[in-house]
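To keep things clear, I will list the structure first and then write my remarks on it.
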Amino acid sequence: MRLVNLLAELIEEKCTGCGICVKVCPTLSMEMVPNPNPEGPKRIVAIHAETCVGCWTCEQRCPFEALRMVRRPEPYTVRVPVEEVDRQEVDALCRKARLNPEQVVCFCTGTRAEEVAAAILKGYHTPEEISRHTGVRTGCKVECTQPILRLLEAAE
(Lines give C-alpha, C1' and ligand atoms only; values in the text may rest on other atoms or scores of the structure.)
Protein backbone atom coordinates (compact mmCIF):
# COMPACT_ATOMS: atom_id res chain seq x y z
CA MET A 1 0.00 0.00 0.00
CA ARG A 2 1.32 3.42 -0.92
CA LEU A 3 -0.06 6.90 -0.42
CA VAL A 4 0.14 8.91 -3.64
CA ASN A 5 0.24 12.57 -2.68
CA LEU A 6 2.43 14.01 -5.45
CA LEU A 7 1.95 14.59 -9.14
CA ALA A 8 4.40 15.48 -11.90
CA GLU A 9 3.92 18.94 -13.37
CA LEU A 10 5.49 20.27 -16.56
CA ILE A 11 7.38 23.58 -16.65
CA GLU A 12 6.60 24.25 -20.32
CA GLU A 13 9.25 26.91 -20.94
CA LYS A 14 11.98 24.43 -19.94
CA CYS A 15 10.72 21.42 -21.95
CA THR A 16 12.81 20.71 -25.03
CA GLY A 17 10.71 17.78 -26.20
CA CYS A 18 13.52 15.25 -25.67
CA GLY A 19 11.08 12.58 -24.41
CA ILE A 20 13.35 11.12 -21.73
CA CYS A 21 10.58 11.44 -19.15
CA VAL A 22 8.20 9.42 -21.33
CA LYS A 23 10.75 6.63 -21.67
CA VAL A 24 11.44 6.31 -17.93
CA CYS A 25 7.88 6.61 -16.54
CA PRO A 26 7.08 3.27 -14.85
CA THR A 27 3.31 3.75 -15.23
CA LEU A 28 3.21 5.09 -18.82
CA SER A 29 1.65 8.29 -17.49
CA MET A 30 3.33 10.58 -20.01
CA GLU A 31 3.25 11.03 -23.75
CA MET A 32 4.65 13.45 -26.28
CA VAL A 33 2.05 15.76 -27.86
CA PRO A 34 2.22 18.65 -30.34
CA ASN A 35 3.26 21.89 -28.67
CA PRO A 36 0.59 24.59 -29.02
CA ASN A 37 3.34 27.24 -28.66
CA PRO A 38 4.88 27.79 -32.14
CA GLU A 39 7.97 29.37 -30.57
CA GLY A 40 8.86 26.26 -28.58
CA PRO A 41 9.83 22.71 -29.53
CA LYS A 42 7.49 20.85 -31.87
CA ARG A 43 6.49 18.40 -29.15
CA ILE A 44 6.19 18.57 -25.37
CA VAL A 45 5.20 16.11 -22.71
CA ALA A 46 1.62 15.66 -21.53
CA ILE A 47 1.15 14.16 -18.06
CA HIS A 48 -1.83 11.90 -17.35
CA ALA A 49 -2.64 12.83 -13.76
CA GLU A 50 -5.04 9.93 -13.34
CA THR A 51 -2.23 7.35 -13.64
CA CYS A 52 0.76 9.30 -12.31
CA VAL A 53 1.87 7.87 -8.96
CA GLY A 54 4.24 10.71 -8.09
CA CYS A 55 7.35 8.55 -8.08
CA TRP A 56 9.80 11.33 -9.05
CA THR A 57 11.40 9.25 -11.83
CA CYS A 58 10.61 11.77 -14.58
CA GLU A 59 11.68 14.73 -12.46
CA GLN A 60 14.97 13.07 -11.52
CA ARG A 61 15.82 12.07 -15.09
CA CYS A 62 14.93 15.31 -16.92
CA PRO A 63 18.22 16.96 -17.93
CA PHE A 64 16.45 20.31 -18.41
CA GLU A 65 14.62 20.47 -15.05
CA ALA A 66 11.34 20.77 -16.95
CA LEU A 67 9.37 18.73 -14.43
CA ARG A 68 8.58 19.27 -10.78
CA MET A 69 6.55 17.40 -8.24
CA VAL A 70 3.53 19.15 -6.75
CA ARG A 71 1.06 18.14 -4.05
CA ARG A 72 -2.09 16.45 -5.30
CA PRO A 73 -5.27 18.20 -4.26
CA GLU A 74 -6.68 14.79 -3.29
CA PRO A 75 -4.14 12.11 -2.32
CA TYR A 76 -5.10 8.49 -2.88
CA THR A 77 -3.77 5.06 -1.96
CA VAL A 78 -2.55 2.43 -4.40
CA ARG A 79 -3.19 -1.06 -3.14
CA VAL A 80 -4.59 -4.29 -4.46
CA PRO A 81 -6.35 -5.95 -1.52
CA VAL A 82 -5.14 -9.55 -1.39
CA GLU A 83 -8.25 -10.53 0.57
CA GLU A 84 -10.39 -9.81 -2.52
CA VAL A 85 -8.72 -12.63 -4.45
CA ASP A 86 -8.82 -16.38 -3.79
CA ARG A 87 -5.95 -17.00 -1.36
CA GLN A 88 -5.19 -20.44 -2.81
CA GLU A 89 -4.77 -18.91 -6.29
CA VAL A 90 -2.44 -16.22 -4.91
CA ASP A 91 -0.33 -18.83 -3.12
CA ALA A 92 -0.26 -21.11 -6.17
CA LEU A 93 0.85 -18.29 -8.47
CA CYS A 94 3.60 -17.27 -6.05
CA ARG A 95 4.79 -20.88 -5.72
CA LYS A 96 4.84 -21.28 -9.51
CA ALA A 97 6.99 -18.11 -9.73
CA ARG A 98 9.23 -19.47 -6.93
CA LEU A 99 8.36 -16.67 -4.53
CA ASN A 100 7.09 -16.72 -0.97
CA PRO A 101 3.74 -14.85 -0.95
CA GLU A 102 4.86 -12.75 2.03
CA GLN A 103 8.22 -11.93 0.45
CA VAL A 104 8.83 -8.22 -0.06
CA VAL A 105 9.53 -7.81 -3.78
CA CYS A 106 9.80 -4.02 -3.76
CA PHE A 107 11.72 -2.61 -0.82
CA CYS A 108 11.04 1.00 -1.83
CA THR A 109 7.28 0.59 -1.42
CA GLY A 110 7.12 -2.51 0.79
CA THR A 111 5.05 -4.38 -1.81
CA ARG A 112 4.86 -8.14 -1.23
CA ALA A 113 4.67 -10.91 -3.82
CA GLU A 114 1.10 -11.71 -2.75
CA GLU A 115 -0.10 -8.23 -3.74
CA VAL A 116 1.53 -8.46 -7.16
CA ALA A 117 0.00 -11.92 -7.61
CA ALA A 118 -3.41 -10.55 -6.59
CA ALA A 119 -3.04 -7.72 -9.11
CA ILE A 120 -2.30 -10.23 -11.86
CA LEU A 121 -5.27 -12.37 -10.82
CA LYS A 122 -7.48 -9.24 -10.91
CA GLY A 123 -6.51 -8.74 -14.56
CA TYR A 124 -3.49 -6.44 -14.64
CA HIS A 125 -1.16 -7.90 -17.27
CA THR A 126 1.77 -5.52 -17.68
CA PRO A 127 4.42 -4.18 -15.30
CA GLU A 128 3.02 -0.68 -15.89
CA GLU A 129 -0.54 -1.65 -14.92
CA ILE A 130 0.73 -3.50 -11.87
CA SER A 131 2.81 -0.45 -10.88
CA ARG A 132 -0.20 1.86 -11.21
CA HIS A 133 -2.28 -0.29 -8.87
CA THR A 134 0.28 -1.52 -6.31
CA GLY A 135 3.08 1.05 -6.31
CA VAL A 136 5.70 -1.62 -7.08
CA ARG A 137 8.47 -0.38 -9.46
CA THR A 138 7.91 3.25 -8.49
CA GLY A 139 11.08 3.56 -6.46
CA CYS A 140 14.52 2.41 -7.57
CA LYS A 141 13.23 -0.33 -9.94
CA VAL A 142 16.33 -2.44 -9.22
CA GLU A 143 15.01 -5.40 -7.22
CA CYS A 144 11.34 -5.58 -8.16
CA THR A 145 11.23 -5.90 -11.93
CA GLN A 146 12.39 -9.52 -12.01
CA PRO A 147 9.78 -10.82 -9.50
CA ILE A 148 7.02 -9.02 -11.42
CA LEU A 149 8.14 -10.63 -14.67
CA ARG A 150 8.39 -14.03 -12.97
CA LEU A 151 4.83 -13.70 -11.65
CA LEU A 152 3.52 -12.56 -15.03
CA GLU A 153 5.25 -15.50 -16.74
CA ALA A 154 3.89 -17.93 -14.15
CA ALA A 155 0.38 -16.60 -14.81
CA GLU A 156 0.51 -17.38 -18.53
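Going through the C-alpha coordinates in order, the chains are called A, B, and so on, while each chain numbers its residues from 1 and the ligands are numbered from 1 in the order shown.
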Which residues, written as number ranges by chain, have at least one atom at most 9 Å from stretch 118-127 of chain A, with only C-alpha atoms counted and residues fewer than 2 positions away on the same chain left out? A: 26-27, 79-87, 89-90, 93, 113-116, 129-134, 136-137, 145, 148-149, 151-152, 155
Just list the residues in stretch 5-42 of chain A DSSP gives strand (DSSP E) on the backbone, as a VMD selection string. chain A and resid 5 to 10 30 to 34
I need the alpha helix (DSSP H) residues of chain A per DSSP on the backbone, written as JSON, numbers by chain. {"A": [20, 21, 22, 23, 24, 57, 58, 59, 60, 61, 87, 88, 89, 90, 91, 92, 93, 94, 95, 96, 113, 114, 115, 116, 117, 118, 119, 120, 121, 127, 128, 129, 130, 131, 132, 133, 134, 145, 146, 147, 148, 149, 150, 151, 152, 153, 154, 155]}
Best match for closeness to A:Leu67 among A:Glu12, A:Glu31, A:Glu39, A:Glu50, counting only C-alpha atoms: A:Glu12
If you count only C-alpha atoms, which residues fall within 6 Å of A:Ile44, apart from same-chain ones fewer than 2 positions away, as a tab-separated table (two decimals) with all heavy atoms, in the first residue's frame?
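Printed below is out-v4.tsv as written:
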```tsv
chain	number	residue	atom	x	y	z
A	17	GLY	N	11.32	18.84	-25.40
A	17	GLY	CA	10.71	17.78	-26.20
A	17	GLY	C	11.60	16.57	-26.39
A	17	GLY	O	11.38	15.79	-27.32
A	32	MET	N	4.26	12.26	-25.53
A	32	MET	CA	4.65	13.45	-26.28
A	32	MET	C	3.47	13.88	-27.14
A	32	MET	O	2.82	13.07	-27.80
A	32	MET	CB	5.87	13.17	-27.17
A	32	MET	CG	7.12	12.78	-26.39
A	32	MET	SD	7.61	13.90	-25.08
A	32	MET	CE	8.05	15.36	-26.01
A	33	VAL	N	3.18	15.19	-27.10
A	33	VAL	CA	2.05	15.76	-27.86
A	33	VAL	C	2.54	17.00	-28.60
A	33	VAL	O	3.56	17.59	-28.23
A	33	VAL	CB	0.87	16.12	-26.93
A	33	VAL	CG1	0.31	14.88	-26.25
A	33	VAL	CG2	1.27	17.17	-25.90
A	35	ASN	N	3.17	20.69	-29.51
A	35	ASN	CA	3.26	21.89	-28.67
A	35	ASN	C	2.39	22.99	-29.27
A	35	ASN	O	2.59	23.37	-30.41
A	35	ASN	CB	4.72	22.35	-28.58
A	35	ASN	CG	4.93	23.47	-27.60
A	35	ASN	OD1	3.98	24.02	-27.04
A	35	ASN	ND2	6.18	23.82	-27.36
```
So how far away is atom CA of A:Cys106 from atom CA of A:Leu10, in Å?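 Going from atom CA of A:Leu10 over to atom CA of A:Cys106, I get 27.8 Å.
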Can you measure atom CA of A:Lys141 to atom CA of A:Trp56 for me? One decimal in Å is fine.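 Spanning atom CA of A:Lys141 to atom CA of A:Trp56 is a straight-line distance of 12.2 Å.
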Considering only C-alpha atoms, return as a PyMOL selection string whatever protein or nucleic-acid residues lie within 12 Å of A:Ile47, sequence-local ones (same chain, fewer than 6 positions apart) excluded. chain A and resi 7-12+19+21-22+25+27-33+53-54+58-59+67-69
Taking into account only C-alpha atoms, which residue in the set A:Thr111, A:Gln146, A:Thr16, A:Thr138 is nearest to A:Ala66? A:Thr16
